[in-house]
Amino acid sequence: MENKDNLFSVVRELREDCARKQQKGLHFIITSVMIWLAISFIQILPLPTFTKNLYMFCCSAPLIPLAYLVSKLIKVDFQNKDNPLTSLGILFSVNQMLYILIVMWIYGCVPDKMLMVYAMIFGAHLLPYGWLYQSKMYYIMSILIPIMALLVGLYYSALVVAVVMFLVEIVFCVGLIMENSMYSRVQNEV
């Protein structure tokens, strides 16, 4: 029983280290605001749906380099190489790539709903980060985004889905900033 308690203690400390050094992934969420803004802009363009969808995929390509630049600007440890849970965080992201296959299928079969499905997958992939970063914002957004994307996407255009996602990501950023601020205060008191 003591070994189990020690293991849980070590894992908790590693999670706290991730949350602190990576500001709960704020650099990636800020980058996602930029990506959803670009996707919103693409949806305004007078292009065929297939072309818009292809460009939407292209918008996601610079995620890692942009997140790296944002991490430098906000002074976040991008890799946190000393923490073994960082590789778990990478696995959480890579897992999303498997679900992108569904989006690729939608691209050909139901192109008007591709952005909706993409947004749902984006939102759902946030769930394990709630555990990793001990973050209520990730838990909330991982449930809110897929449901909201589904409801908005069923009744409105891809442009509306993109703009809603852009706005939701801004709220997500503000929530993470507040959560990081509270987390820092608690850590300083301890």
# chains A, B, ... in the order shown; residues from 1 in each chain; ligands from 1

$ residues_around --residues "A:Leu115" --least-positions-apart "6" --cutoff "10 Å" --atoms "only C-alpha atoms" --output "PyMOL selection string"
chain A and resi 39+43+52-53+56-57+103+106-107+121+149+153+157-159+161-162

$ residues_around --residues "A:Gly123" --least-positions-apart "5" --cutoff "12 Å" --atoms "only C-alpha atoms" --output "mmCIF file with N, CA, C and O atoms, in the first residue's frame"
data_model
loop_
_atom_site.group_PDB
_atom_site.id
_atom_site.type_symbol
_atom_site.label_atom_id
_atom_site.label_comp_id
_atom_site.auth_asym_id
_atom_site.auth_seq_id
_atom_site.Cartn_x
_atom_site.Cartn_y
_atom_site.Cartn_z
ATOM 1 N N ILE A 29 -3.167 26.306 -27.034
ATOM 2 C CA ILE A 29 -4.523 26.846 -27.135
ATOM 3 C C ILE A 29 -4.490 28.229 -27.789
ATOM 4 O O ILE A 29 -5.359 28.554 -28.612
ATOM 5 N N SER A 32 -4.204 27.552 -31.328
ATOM 6 C CA SER A 32 -5.470 27.091 -31.910
ATOM 7 C C SER A 32 -6.411 28.262 -32.194
ATOM 8 O O SER A 32 -7.214 28.198 -33.132
ATOM 9 N N SER A 93 -1.876 13.823 -28.213
ATOM 10 C CA SER A 93 -2.040 14.569 -29.464
ATOM 11 C C SER A 93 -1.971 13.660 -30.683
ATOM 12 O O SER A 93 -2.753 13.813 -31.615
ATOM 13 N N GLN A 96 -5.054 11.862 -31.746
ATOM 14 C CA GLN A 96 -6.017 12.615 -32.542
ATOM 15 C C GLN A 96 -5.819 12.357 -34.029
ATOM 16 O O GLN A 96 -6.776 12.387 -34.800
ATOM 17 N N TYR A 99 -8.083 9.858 -35.557
ATOM 18 C CA TYR A 99 -9.454 10.299 -35.783
ATOM 19 C C TYR A 99 -9.576 11.207 -37.005
ATOM 20 O O TYR A 99 -10.668 11.371 -37.549
ATOM 21 N N MET A 116 -17.540 20.599 -39.109
ATOM 22 C CA MET A 116 -18.241 20.230 -37.876
ATOM 23 C C MET A 116 -17.560 19.026 -37.223
ATOM 24 O O MET A 116 -17.268 19.033 -36.019
ATOM 25 N N VAL A 117 -17.282 17.990 -38.016
ATOM 26 C CA VAL A 117 -16.655 16.776 -37.488
ATOM 27 C C VAL A 117 -15.233 17.079 -37.012
ATOM 28 O O VAL A 117 -14.798 16.608 -35.957
ATOM 29 N N TYR A 118 -14.517 17.893 -37.762
ATOM 30 C CA TYR A 118 -13.163 18.300 -37.385
ATOM 31 C C TYR A 118 -13.187 18.999 -36.015
ATOM 32 O O TYR A 118 -12.369 18.714 -35.142
ATOM 33 N N PRO A 128 -8.041 14.082 -22.206
ATOM 34 C CA PRO A 128 -6.952 13.595 -21.351
ATOM 35 C C PRO A 128 -6.047 14.701 -20.808
ATOM 36 O O PRO A 128 -5.378 14.514 -19.794
ATOM 37 N N TYR A 129 -6.059 15.870 -21.451
ATOM 38 C CA TYR A 129 -5.258 16.980 -20.927
ATOM 39 C C TYR A 129 -5.839 17.517 -19.626
ATOM 40 O O TYR A 129 -5.122 18.128 -18.834
ATOM 41 N N GLY A 130 -7.117 17.307 -19.414
ATOM 42 C CA GLY A 130 -7.703 17.667 -18.125
ATOM 43 C C GLY A 130 -7.019 16.916 -17.001
ATOM 44 O O GLY A 130 -6.725 17.479 -15.939
ATOM 45 N N MET A 137 -10.754 23.468 -17.000
ATOM 46 C CA MET A 137 -11.039 24.064 -18.312
ATOM 47 C C MET A 137 -10.949 23.012 -19.414
ATOM 48 O O MET A 137 -11.787 22.998 -20.316
ATOM 49 N N TYR A 138 -9.956 22.156 -19.359
ATOM 50 C CA TYR A 138 -9.841 21.115 -20.386
ATOM 51 C C TYR A 138 -11.014 20.141 -20.304
ATOM 52 O O TYR A 138 -11.553 19.746 -21.332
ATOM 53 N N TYR A 139 -11.382 19.768 -19.096
ATOM 54 C CA TYR A 139 -12.528 18.862 -18.947
ATOM 55 C C TYR A 139 -13.799 19.504 -19.509
ATOM 56 O O TYR A 139 -14.546 18.875 -20.265
ATOM 57 N N ILE A 140 -14.035 20.744 -19.144
ATOM 58 C CA ILE A 140 -15.236 21.445 -19.604
ATOM 59 C C ILE A 140 -15.243 21.573 -21.125
ATOM 60 O O ILE A 140 -16.224 21.240 -21.788
ATOM 61 N N MET A 141 -14.128 22.041 -21.677
ATOM 62 C CA MET A 141 -14.071 22.261 -23.122
ATOM 63 C C MET A 141 -14.122 20.952 -23.913
ATOM 64 O O MET A 141 -14.665 20.925 -25.015
ATOM 65 N N SER A 142 -13.575 19.888 -23.344
ATOM 66 C CA SER A 142 -13.586 18.605 -24.064
ATOM 67 C C SER A 142 -14.997 18.047 -24.209
ATOM 68 O O SER A 142 -15.261 17.251 -25.110
ATOM 69 N N ILE A 143 -15.887 18.484 -23.365
ATOM 70 C CA ILE A 143 -17.293 18.063 -23.455
ATOM 71 C C ILE A 143 -18.110 19.118 -24.210
ATOM 72 O O ILE A 143 -18.910 18.791 -25.088
ATOM 73 N N LEU A 144 -17.886 20.380 -23.886
ATOM 74 C CA LEU A 144 -18.643 21.475 -24.490
ATOM 75 C C LEU A 144 -18.410 21.586 -25.999
ATOM 76 O O LEU A 144 -19.370 21.715 -26.768
ATOM 77 N N ILE A 145 -17.153 21.530 -26.433
ATOM 78 C CA ILE A 145 -16.840 21.757 -27.843
ATOM 79 C C ILE A 145 -17.492 20.727 -28.761
ATOM 80 O O ILE A 145 -18.151 21.116 -29.737
ATOM 81 N N PRO A 146 -17.356 19.417 -28.512
ATOM 82 C CA PRO A 146 -18.008 18.470 -29.438
ATOM 83 C C PRO A 146 -19.527 18.623 -29.494
ATOM 84 O O PRO A 146 -20.124 18.568 -30.582
ATOM 85 N N ILE A 147 -20.152 18.833 -28.342
ATOM 86 C CA ILE A 147 -21.612 18.983 -28.326
ATOM 87 C C ILE A 147 -22.015 20.262 -29.059
ATOM 88 O O ILE A 147 -22.930 20.260 -29.889
ATOM 89 N N MET A 148 -21.317 21.344 -28.766
ATOM 90 C CA MET A 148 -21.624 22.611 -29.406
ATOM 91 C C MET A 148 -21.360 22.545 -30.913
ATOM 92 O O MET A 148 -22.168 23.026 -31.710
ATOM 93 N N ALA A 149 -20.237 21.949 -31.314
ATOM 94 C CA ALA A 149 -19.919 21.825 -32.746
ATOM 95 C C ALA A 149 -20.991 21.013 -33.460
ATOM 96 O O ALA A 149 -21.387 21.347 -34.582
ATOM 97 N N LEU A 150 -21.460 19.962 -32.811
ATOM 98 C CA LEU A 150 -22.521 19.142 -33.408
ATOM 99 C C LEU A 150 -23.800 19.966 -33.585
ATOM 100 O O LEU A 150 -24.381 20.006 -34.670
ATOM 101 N N MET A 165 -16.080 28.377 -33.079
ATOM 102 C CA MET A 165 -14.864 27.734 -32.546
ATOM 103 C C MET A 165 -13.795 28.772 -32.212
ATOM 104 O O MET A 165 -13.123 28.672 -31.181
ATOM 105 N N VAL A 168 -14.897 30.353 -28.997
ATOM 106 C CA VAL A 168 -14.754 29.395 -27.889
ATOM 107 C C VAL A 168 -13.279 29.258 -27.494
ATOM 108 O O VAL A 168 -12.955 29.180 -26.303
ATOM 109 N N GLU A 169 -12.401 29.254 -28.471
ATOM 110 C CA GLU A 169 -10.974 29.141 -28.160
ATOM 111 C C GLU A 169 -10.456 30.368 -27.424
ATOM 112 O O GLU A 169 -9.573 30.261 -26.581
ATOM 113 N N PHE A 172 -11.541 29.812 -23.982
ATOM 114 C CA PHE A 172 -10.665 28.770 -23.443
ATOM 115 C C PHE A 172 -9.338 29.377 -22.983
ATOM 116 O O PHE A 172 -8.852 29.089 -21.882
#

$ residues_around --residues "A:His27" --least-positions-apart "6" --cutoff "7 Å" --atoms "only C-alpha atoms" --output "PyMOL selection string"
chain A and resi 67+70-71

$ write_last_selection --atoms "N, CA, C and O atoms" --output "short mmCIF file (atom, residue, chain, number, x, y, z; two decimals), in the first residue's frame"
data_model
loop_
_atom_site.label_atom_id
_atom_site.label_comp_id
_atom_site.auth_asym_id
_atom_site.auth_seq_id
_atom_site.Cartn_x
_atom_site.Cartn_y
_atom_site.Cartn_z
N ALA A 67 3.05 26.97 -32.17
CA ALA A 67 3.00 26.76 -30.71
C ALA A 67 4.39 26.96 -30.11
O ALA A 67 4.52 27.49 -29.00
N VAL A 70 4.92 30.71 -29.92
CA VAL A 70 4.09 31.25 -28.84
C VAL A 70 4.70 30.89 -27.49
O VAL A 70 4.73 31.72 -26.57
N SER A 71 5.22 29.67 -27.36
CA SER A 71 5.83 29.25 -26.08
C SER A 71 7.02 30.15 -25.73
O SER A 71 7.24 30.45 -24.56
#

$ closest_atom_pairs --of "stretch 42-144 of chain A" --to "stretch 2-20 of chain A" --cutoff "9 Å" --atoms "only C-alpha atoms" --output "tab-separated table"
residue	atom	partner	partner_atom	distance
A:Val76	CA	A:Arg20	CA	8.9
A:Asn80	CA	A:Cys18	CA	7.4
A:Asn83	CA	A:Leu14	CA	6.6
A:Pro84	CA	A:Leu14	CA	7.8
A:Leu85	CA	A:Leu14	CA	6.8
A:Thr86	CA	A:Cys18	CA	7.2
A:Trp131	CA	A:Arg15	CA	8.3
A:Leu132	CA	A:Arg15	CA	5.7
A:Tyr133	CA	A:Ala19	CA	4.7
A:Gln134	CA	A:Arg15	CA	7.3
A:Ser135	CA	A:Ala19	CA	8.5
